[in-house]
Each structure stands twice: as structure tokens, then as C-alpha cells.
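Please read the structure below before turning to the comments.
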Number of protein chains: 4
Amino acid sequence: MPADAAFKHREDLIRRVVGVQGFMKLVGTTIDDVVPGGCTLSVEKRPELLQHLGMFHGGVTAFLVDNATTAAAATVMPEGRTTLTAGFTLNYLATAAGDKLICRAKVIKPGRTLVVVSADVYCVADGKEKHTATALATIALIEGDTVAMTKAAGLGP
Amino acid sequence: MPADAAFKHREDLIRRVVGVQGFMKLVGTTIDDVVPGGCTLSVEKRPELLQHLGMFHGGVTAFLVDNATTAAAATVMPEGRTTLTAGFTLNYLATAAGDKLICRAKVIKPGRTLVVVSADVYCVADGKEKHTATALATIALIEGDTVAMTKAAGLGP
Amino acid sequence: MPADAAFKHREDLIRRVVGVQGFMKLVGTTIDDVVPGGCTLSVEKRPELLQHLGMFHGGVTAFLVDNATTAAAATVMPEGRTTLTAGFTLNYLATAAGDKLICRAKVIKPGRTLVVVSADVYCVADGKEKHTATALATIALIEGDTVAMTKAAGLGP
Amino acid sequence: MPADAAFKHREDLIRRVVGVQGFMKLVGTTIDDVVPGGCTLSVEKRPELLQHLGMFHGGVTAFLVDNATTAAAATVMPEGRTTLTAGFTLNYLATAAGDKLICRAKVIKPGRTLVVVSADVYCVADGKEKHTATALATIALIEGDTVAMTKAAGLGP
């Protein structure tokens with residue numbers, strides 16, 4: 001399979017697996033981009049995503065970081081492996097007041113056992129992006145077939 | 001005001017402010033406990049909170065950590081200050097398969113400028129708690145009146 | 001080999017490998033304790049370990065955390081594996097003014113691929129311990145023979 | 001005072017304060033660069049800085065991150081404030097085999113209370129830089145006069 005077709009296959013798998021996640025749908029997240037080594041997720045402002053001051057809740061930022069970094073790691077994962085998120089560090093840089101929250105994750109260091117991924121979160125207000133959070137995630141790769149595991153869980157894709 | 005009454009006042013404030021958060025309600029979070037130096041939050045299993053393998057989504061754990069650690073910091077905050085979450089580190093320890101997810105946050109180090117809070121997340125399955133995540137959060141304290149700020153945002157409490 | 005003898009063997013290996021590290025000797029670190037799931041390291045006050053205010057340098061705390069958490073992970077590692085420190089998060093809690101700095105690391109979650117270890121650092125002043133830092137480390141386990149690798153590097157043990 | 005002169009004054013202060021640190025001298029660290037929002041530190045290979053496999057010890061990387069990020073924060077600090085390192089997260093990306101270790105710290109987000117700083121560590125081998133670690137640090141700014149405090153500690157500068 002040519003590299004382009006192989007990546008298209010991987011991209012489809014990631015979009016389908018992430019797409020069946022109940023929490024992904026509850027939050028109302030859009031998968032904007034899945035490229036080799038990267039993933040971009042975003043959410044539009046809704047009262048259900050805010051905290052007590054009317055800004056995007058820190059938990060929404062944290063969810064986007066968790067999911068976008070894991071998906072970015074999955075884009076560079078060898079065949080026959082599946083992702084296991086070891087954890088992440090999240091630093092908030094500014095309050096997330098605006099209409100849209102975008103999380104861009106980028107693989108810093110691929111690896112056979114561990115993938116290190118950075119993520120930056122931006123809030124769009126008045127058409128301008130403000131950098132509101134930065135994060136570093138560590139994703140472990142273990143043996144497994146994500147599609148088979150997802151099917152076994154009765155959730156598609 | 002006696003210490004007990006003063007804390008009761010603080011607890012009420014925290015419960016009300018956290019209670020008006022849109023994301024808190026979307027996730028369906030219960031405030032189990034607010035004590036001096038601590039806060040416990042939990043969620044019951046619902047399909048909307050799961051990932052593709054039918055386990056609690058890492059983003060739910062991350063949200064609980066964000067909110068419980070900030071609330072725990074607010075329990076030890078001097079009057080006239082408000083919390084500003086600087087960030088946290090979250091390590092996943094085990095998959096969160098079960099009926100309920102509980103996050104217990106505890107202040108490790110109170111301070112005038114910074115409060116350091118640890119959090120541990122447990123998943124309840126077959127009546128037993130499994131330790132599924134551990135976290136360390138740093139909460140900054142800045143000048144501000146949380147209630148006034150929340151009212152100004154039009155959200156109560 | 002009985003469990004006790006097997007652990008004694010592991011403990012010896014850890015003490016010898018850590019003992020040949022040049023930086024360990026430069027800092028003048030004592031290995032106080034190596035037990036299943038734990039390791040304690042300490043340093044005595046010397047001008048060479050301080051920062052500009054006469055307290056233990058944050059870098060000394062960070063070094064102790066790095067080394068003690070990795071050694072603690074090595075105590076629970078299966079045979080035929082070697083440690084690869086993925087990283088750690090370190091929160092300083094108080095200034096480290098005192099005569100001795102002690103770092104106690106403890107495995108929170110052993111695993112085949114990843115071991116999560118916490119560490120707490122205490123500074124002893126006037127015979128009392130003050131909690132000066134807390135940390136969480138992630139140690140990856142990869143295939144390898146630590147002794148053979150150390151010998152190949154020409155450093156013993 | 002013109003901006004250039006004001007920064008020169010700040011740079012001198014940072015170089016002098018960091019220069020009197022005992023641990024800085026023990027490790028043998030060079031201050032390569034202090035610019036607005038940034039600081040670069042480096043060390044040359046010596047047996048005293050290595051671990052058991054002959055590579056730079058993780059503790060050396062951690063020390064460089066601690067010191068370079070704090071110095072970078074000091075370059076953007078308002079007058080009358082001093083730095084208090086809240087903590088950092090460090091992810092190792094590759095083994096640090098080489099002749100020189102360079103840590104470049106850069107302020108991501110200046111602030112009145114907190115400064116967020118990233119740091120990247122590179123190991124030079126055969127004239128090429130390899131990215132061996134990445135970090136995120138949070139530095140608190142508190143009231144204080146660093147020079148006066150350093151003098152009071154009897155350490156110059």
C-alpha cells in the first residue's frame with residue numbers, strides 16, 4: 001500500500017474510533033484535522049461547556065488535550081499496536097473567553113514504546129486566536145488491535 | 001464568626017459557584033464532600049461519559065481533577081482572593097472500567113500565592129475501588145471576589 | 001531463589017549501578033534505603049549544593065527525584081528489563097533550608113511497560129523534617145540487561 | 001533608563017545571582033545567553049556529569065531546566081519582585097550521549113503572578129544537536145529584592 005493510502009486508512013480508523021466515543025459526542029467535538037504526527041480538535045461555545053465566569057471550562061481544555069494528543073500519537077503508531085495514554089501536564093496560560101476552543105496536538109518524539117506529544121490550545125475571540133493553554137503528553141504503545149477492541153466493546157466503529 | 005460557621009459559609013460558596021458551571025452539569029457531577037483542605041467529586045456511569053472501549057473517558061477524569069483540585073484550594077483560600085488554576089499533571093494508572101468514578105482532592109501545601117493539591121481518582125467496580133489516576137495541581141490565588149465575579153458573569157449563584 | 005534472596009540480588013544490582021554514576025558521586029549522594037517498591041536517597045548540606053540564598057538548589061532536589069524514582073521502579077522491574085525514565089513532574093512546596101535533604105520514592109503503580117512512582121522530598125532543620133517538594137515520575141521498562149549495558153559502557157559495576 | 005540599558009542591568013543581575021550558586025559551579029555550567037524572555041545554559045561532558053551508561057545524567061538535564069527556566073522568568077519580571085520556582089514537568093526524549101548539553105529556556109507566558117516557561121535540551125554529538133528533553137516550568141513572582149536577599153545570605157553577588 002502506498003504511503004498516502006496507508007495513512008488514509010489510519011486516518012479513517014482514528015476518525016471512526018474517536019467518533020464513537022460517548023464523551024466526544026457529549027462535548028460536541030469536531031475533528032478538524034488528522035495528519036501524520038498531528039491532530040486538531042475544536043469545540044464551539046455553548047453554555048454547557050462553560051464555567052462560572054462564562055469562559056470555557058478548564059475541563060473542556062483538558063479533555064481536548066487528552067483526546068488530541070492520543071489521536072496524534074495514533075497517527076505515528078506501528079501496525080498491531082494501540083495507544084494507552086500514560087498522562088499529561090497541562091498549563092493554563094490565559095482565560096478561555098471566546099467563541100471557539102481549538103486544540104492542536106503535534107508529536108514531538110515518536111517511539112516504539114512511548115510517544116511524546118505537545119498540545120497548544122487557542123481560544124478564538126473577535127476572529128483572533130489567543131493562546132490559552134499548553135500541554136505535554138506521554139502516550140504508551142502496547143500490543144493490540146484498536147478496531148477489534150472497539151468492536152468487542154460493542155461500540156463499532 | 002466561629003471557625004465552623006466560617007467554613008460552612010465557604011463551603012456554601014464553593015458548592016454554589018461550582019454548581020452553576022455549565023460543564024459540571026453537562027457531565028452530571030456530584031459534589032460529595034467539601035471539607036477544609038479537601039473536595040470529593042464523582043460521576044455515575046452513563047454512555048455519554050465513556051470512550052470507545054466502554055470505559056470512563058480520560059477527559060472525564062481530567063475534568064474531575066481540574067475541578068476538585070481547584071475547589072480544594074478554595075477551601076483554604078484567604079478572604080478576598082479567588083482561584084486561578086495554573087495547571088496540573090495527571091498520570092493514568094489503570095483503565096477506568098466500572099460504575100462510578102470518584103475524585104478525591106487534598107491540599108498538600110496551602111500558601112498565599114500558590115496552593116499545591118494532589119488528587120486521586122478511583123473507579124468503583126463490583127463494590128471495590130480501583131486506583132485509576134493520580135494528579136498534582138497548582139492553583140494560584142489572586143485578588144478577587146468569586147461571588148461578585150460569578151454574578152457579573154450573569155450566572156448566579 | 002527465595003523472594004528474599006532474589007530481592008537482595010536486585011538491591012545489590014541497583015546499589016552498584018547507581019553507585020558508579022559520576023553525577024551521583026559529584027553530588028555526594030547516600031543511598032539510604034532500597035526496598036521492594038521504594039528507594040530513599042539523601043545529601044548532607046555543603047556549599048556546593050546550594051543556590052544564591054544559601055538553600056539547597058532546586059537542581060539537587062530534581063536530581064534526587066530523578067534518581068530515586070528510577071531506582072524505585074527498578075526494584076519492581078521483571079528480569080530482563082531495564083529502566084528508561086520517561087519523565088517527571090516536580091512541585092516545590094517550601095524552601096529547602098536545612099542540614100540534609102531526603103528524597104523518598106515509592107512505586108504507586110507497577111506495570112510491564114510503565115511504572116508510576118511518587119517522590120517526596122524533606123529538608124531536615126533543627127532535627128525536624130519539612131516537606132519541601134513532591135513529584136510524580138513515569139518510568140518505562142524496556143528490554144535490556146542493565147549490568148551488561150553498564151559494563152559495556154566501561155563503568156563497572 | 002532606556003529599555004536596552006534597563007535590560008542590561010537586569011541581565012547583569014541574573015548573571016551575578018546565578019553565578020554565585022554553589023551548585024551551578026559544582027556542575028560547571030556556562031551561561032551562554034540571557035535575553036528578554038530567554039536564557040541558555042550549557043555544560044561540557046565530564047565523567048562527573050554522567051550516569052552508569054556514560055551518558056549525561058538525567059539529573060544534569062533537570063538541573064539545567066530548573067535554572068534556565070527560572071532565569072528566563074527573571075528576565076521578564078517587574079521591578080521589586082523575585083522568582084519562586086513553583087515546579088516543572090520534564091519529558092526525556094532521547095538518551096543524552098554526546099560532548100555538550102545545551103538547555104534553551106523561553107518564556108511562553110509572562111504574568112504578574114505566574115510566568116510559564118518552556119525549555120528544550122539538546123545534546124551535541126559529532127557537531128549535531130539532538131533534541132533530548134522538553135520541559136514546561138511554572139515560576140511564581142513574589143515581592144522581594146533578589147540582590148538584597150542574596151547579600152543577606154552572605155553570598156554576594
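Just remember, in the C-alpha cells the first chain shown is A, the second B, etc., residues are 1-based per chain, and ligands are 1-based in the order shown.
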
### Task
Select residues of chain A: the criterion is any atom within 10 Å of an atom of chain C, counting only C-alpha atoms; output as a PyMOL selection string.
chain A and resi 86-89+113-116+138+140-142

### Non-local contacts of range 32-36 of chain C (8 Å; only C-alpha atoms; under 5 positions in same chain excluded) as a count of residues only
8

### Task
Pick out the residues sitting within 10 Å of range 122-135 of chain C, and hand them over as number ranges by chain; count only C-alpha atoms, and ignore anything fewer than 5 positions along from it in its own chain.
B: 89, 108-109, 116, 118, 135-136; C: 42-45, 55-56, 58, 61-62, 65-66, 69, 88-105, 117; D: 86-89

### Atom-to-atom span, CA of Ala153 in chain A and CA of Val20 in chain A, Å
11.0 Å

### Query
Looking only at the backbone, which of the residues in range 39-133 of chain C does DSSP tag as strand (DSSP E or B), as a PyMOL selection string?
chain C and resi 39-44+50+56+81-92+100-109+114-125+128-133

Output N, CA and C atoms of each residue in that selection to a file, as a compact mmCIF listing (two decimals), in the first residue's frame.
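out20.txt written:
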```txt
# COMPACT_ATOMS: atom_id res chain seq x y z
N CYS C 39 12.77 3.59 47.31
CA CYS C 39 14.18 3.95 47.40
C CYS C 39 14.29 5.31 48.09
N THR C 40 15.25 5.43 49.00
CA THR C 40 15.49 6.69 49.68
C THR C 40 16.93 7.13 49.45
N LEU C 41 17.08 8.37 48.99
CA LEU C 41 18.39 8.97 48.78
C LEU C 41 18.49 10.22 49.63
N SER C 42 19.72 10.60 50.02
CA SER C 42 19.85 11.85 50.76
C SER C 42 21.21 12.49 50.52
N VAL C 43 21.27 13.79 50.79
CA VAL C 43 22.53 14.53 50.72
C VAL C 43 22.65 15.41 51.95
N GLU C 44 23.87 15.59 52.40
CA GLU C 44 24.16 16.49 53.52
C GLU C 44 24.48 17.87 52.96
N LEU C 50 24.21 24.40 47.17
CA LEU C 50 23.24 25.46 47.49
C LEU C 50 23.03 26.42 46.33
N PHE C 56 19.30 24.59 49.72
CA PHE C 56 19.59 23.54 48.74
C PHE C 56 19.04 23.98 47.37
N ARG C 81 14.62 -6.76 31.92
CA ARG C 81 14.18 -5.42 31.55
C ARG C 81 15.14 -4.41 32.16
N THR C 82 15.14 -3.22 31.60
CA THR C 82 15.92 -2.14 32.18
C THR C 82 15.05 -0.87 32.17
N THR C 83 15.40 0.08 33.00
CA THR C 83 14.57 1.27 33.14
C THR C 83 14.96 2.35 32.12
N LEU C 84 13.97 3.11 31.70
CA LEU C 84 14.18 4.26 30.82
C LEU C 84 13.24 5.34 31.38
N THR C 85 13.82 6.34 32.01
CA THR C 85 12.99 7.35 32.65
C THR C 85 12.28 8.20 31.60
N ALA C 86 10.95 8.16 31.59
CA ALA C 86 10.19 8.92 30.59
C ALA C 86 10.12 10.39 31.00
N GLY C 87 10.03 10.62 32.31
CA GLY C 87 9.99 12.00 32.78
C GLY C 87 9.34 12.12 34.13
N PHE C 88 9.28 13.34 34.63
CA PHE C 88 8.63 13.56 35.92
C PHE C 88 8.13 14.98 36.05
N THR C 89 7.22 15.14 37.00
CA THR C 89 6.70 16.45 37.36
C THR C 89 7.13 16.72 38.79
N LEU C 90 7.64 17.90 39.02
CA LEU C 90 8.16 18.25 40.34
C LEU C 90 7.51 19.54 40.81
N ASN C 91 6.89 19.50 41.98
CA ASN C 91 6.33 20.72 42.57
C ASN C 91 7.10 21.06 43.84
N TYR C 92 7.65 22.24 43.87
CA TYR C 92 8.33 22.69 45.09
C TYR C 92 7.28 23.20 46.07
N LYS C 100 20.10 18.75 55.73
CA LYS C 100 20.06 17.48 54.99
C LYS C 100 18.82 17.48 54.12
N LEU C 101 18.93 16.86 52.96
CA LEU C 101 17.79 16.76 52.05
C LEU C 101 17.57 15.27 51.80
N ILE C 102 16.33 14.81 52.03
CA ILE C 102 16.00 13.39 51.90
C ILE C 102 14.91 13.23 50.83
N CYS C 103 15.11 12.30 49.92
CA CYS C 103 14.09 12.03 48.90
C CYS C 103 13.62 10.60 49.04
N ARG C 104 12.32 10.44 49.30
CA ARG C 104 11.74 9.10 49.44
C ARG C 104 10.83 8.83 48.24
N ALA C 105 11.18 7.83 47.47
CA ALA C 105 10.39 7.46 46.29
C ALA C 105 9.65 6.17 46.56
N LYS C 106 8.44 6.10 46.02
CA LYS C 106 7.58 4.94 46.28
C LYS C 106 6.78 4.61 45.03
N VAL C 107 6.81 3.36 44.62
CA VAL C 107 6.04 2.95 43.44
C VAL C 107 4.55 3.02 43.75
N ILE C 108 3.82 3.75 42.92
CA ILE C 108 2.37 3.84 43.05
C ILE C 108 1.72 2.74 42.22
N LYS C 109 2.28 2.52 41.04
CA LYS C 109 1.67 1.58 40.10
C LYS C 109 2.75 0.86 39.32
N LEU C 114 5.09 0.47 31.92
CA LEU C 114 5.28 1.73 32.63
C LEU C 114 5.14 1.52 34.13
N VAL C 115 5.97 2.21 34.88
CA VAL C 115 5.87 2.22 36.35
C VAL C 115 5.69 3.68 36.78
N VAL C 116 4.67 3.93 37.58
CA VAL C 116 4.45 5.29 38.09
C VAL C 116 4.95 5.35 39.53
N VAL C 117 5.77 6.34 39.80
CA VAL C 117 6.43 6.45 41.10
C VAL C 117 6.22 7.86 41.65
N SER C 118 5.87 7.95 42.93
CA SER C 118 5.81 9.27 43.56
C SER C 118 7.08 9.47 44.38
N ALA C 119 7.41 10.73 44.62
CA ALA C 119 8.57 11.03 45.45
C ALA C 119 8.25 12.24 46.31
N ASP C 120 8.71 12.19 47.55
CA ASP C 120 8.54 13.34 48.43
C ASP C 120 9.91 13.69 48.99
N VAL C 121 10.17 14.99 49.01
CA VAL C 121 11.48 15.47 49.45
C VAL C 121 11.28 16.27 50.74
N TYR C 122 12.17 16.00 51.69
CA TYR C 122 12.10 16.63 53.00
C TYR C 122 13.45 17.27 53.32
N CYS C 123 13.39 18.42 53.97
CA CYS C 123 14.62 19.08 54.40
C CYS C 123 14.64 19.03 55.93
N VAL C 124 15.76 18.60 56.47
CA VAL C 124 15.87 18.46 57.92
C VAL C 124 16.53 19.71 58.49
N ALA C 125 15.81 20.41 59.38
CA ALA C 125 16.36 21.58 60.06
C ALA C 125 15.99 21.47 61.54
N LYS C 128 14.05 18.51 62.65
CA LYS C 128 12.68 18.28 62.15
C LYS C 128 12.67 18.22 60.63
N GLU C 129 11.81 17.36 60.10
CA GLU C 129 11.66 17.28 58.65
C GLU C 129 10.58 18.24 58.16
N LYS C 130 10.91 18.98 57.12
CA LYS C 130 9.93 19.84 56.45
C LYS C 130 9.73 19.30 55.04
N HIS C 131 8.47 19.22 54.61
CA HIS C 131 8.14 18.70 53.29
C HIS C 131 8.41 19.80 52.27
N THR C 132 9.43 19.63 51.43
CA THR C 132 9.83 20.72 50.53
C THR C 132 9.49 20.49 49.06
N ALA C 133 9.20 19.26 48.68
CA ALA C 133 8.84 19.02 47.27
C ALA C 133 8.10 17.71 47.13
```

### DSSP alpha helix (DSSP H) residues within range 19-143 of chain C, listed as JSON, numbers by chain
{"C": [19, 22, 23, 24, 25, 26, 27, 58, 59, 60, 61, 62, 63, 64, 65, 66, 67, 68, 69, 70, 71, 72, 73, 74, 75]}

### Query
How many Å separate CA of Glu143 in chain C from CA of Gly38 in chain A?
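Separation of CA of Glu143 in chain C and CA of Gly38 in chain A: 28.6 Å.
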
### Message
Please compute the CA of Ala148 in chain B-CA of Gly111 in chain D distance, one decimal, in Å.
### Response
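We find that CA of Ala148 in chain B and CA of Gly111 in chain D lie 23.4 Å from each other.
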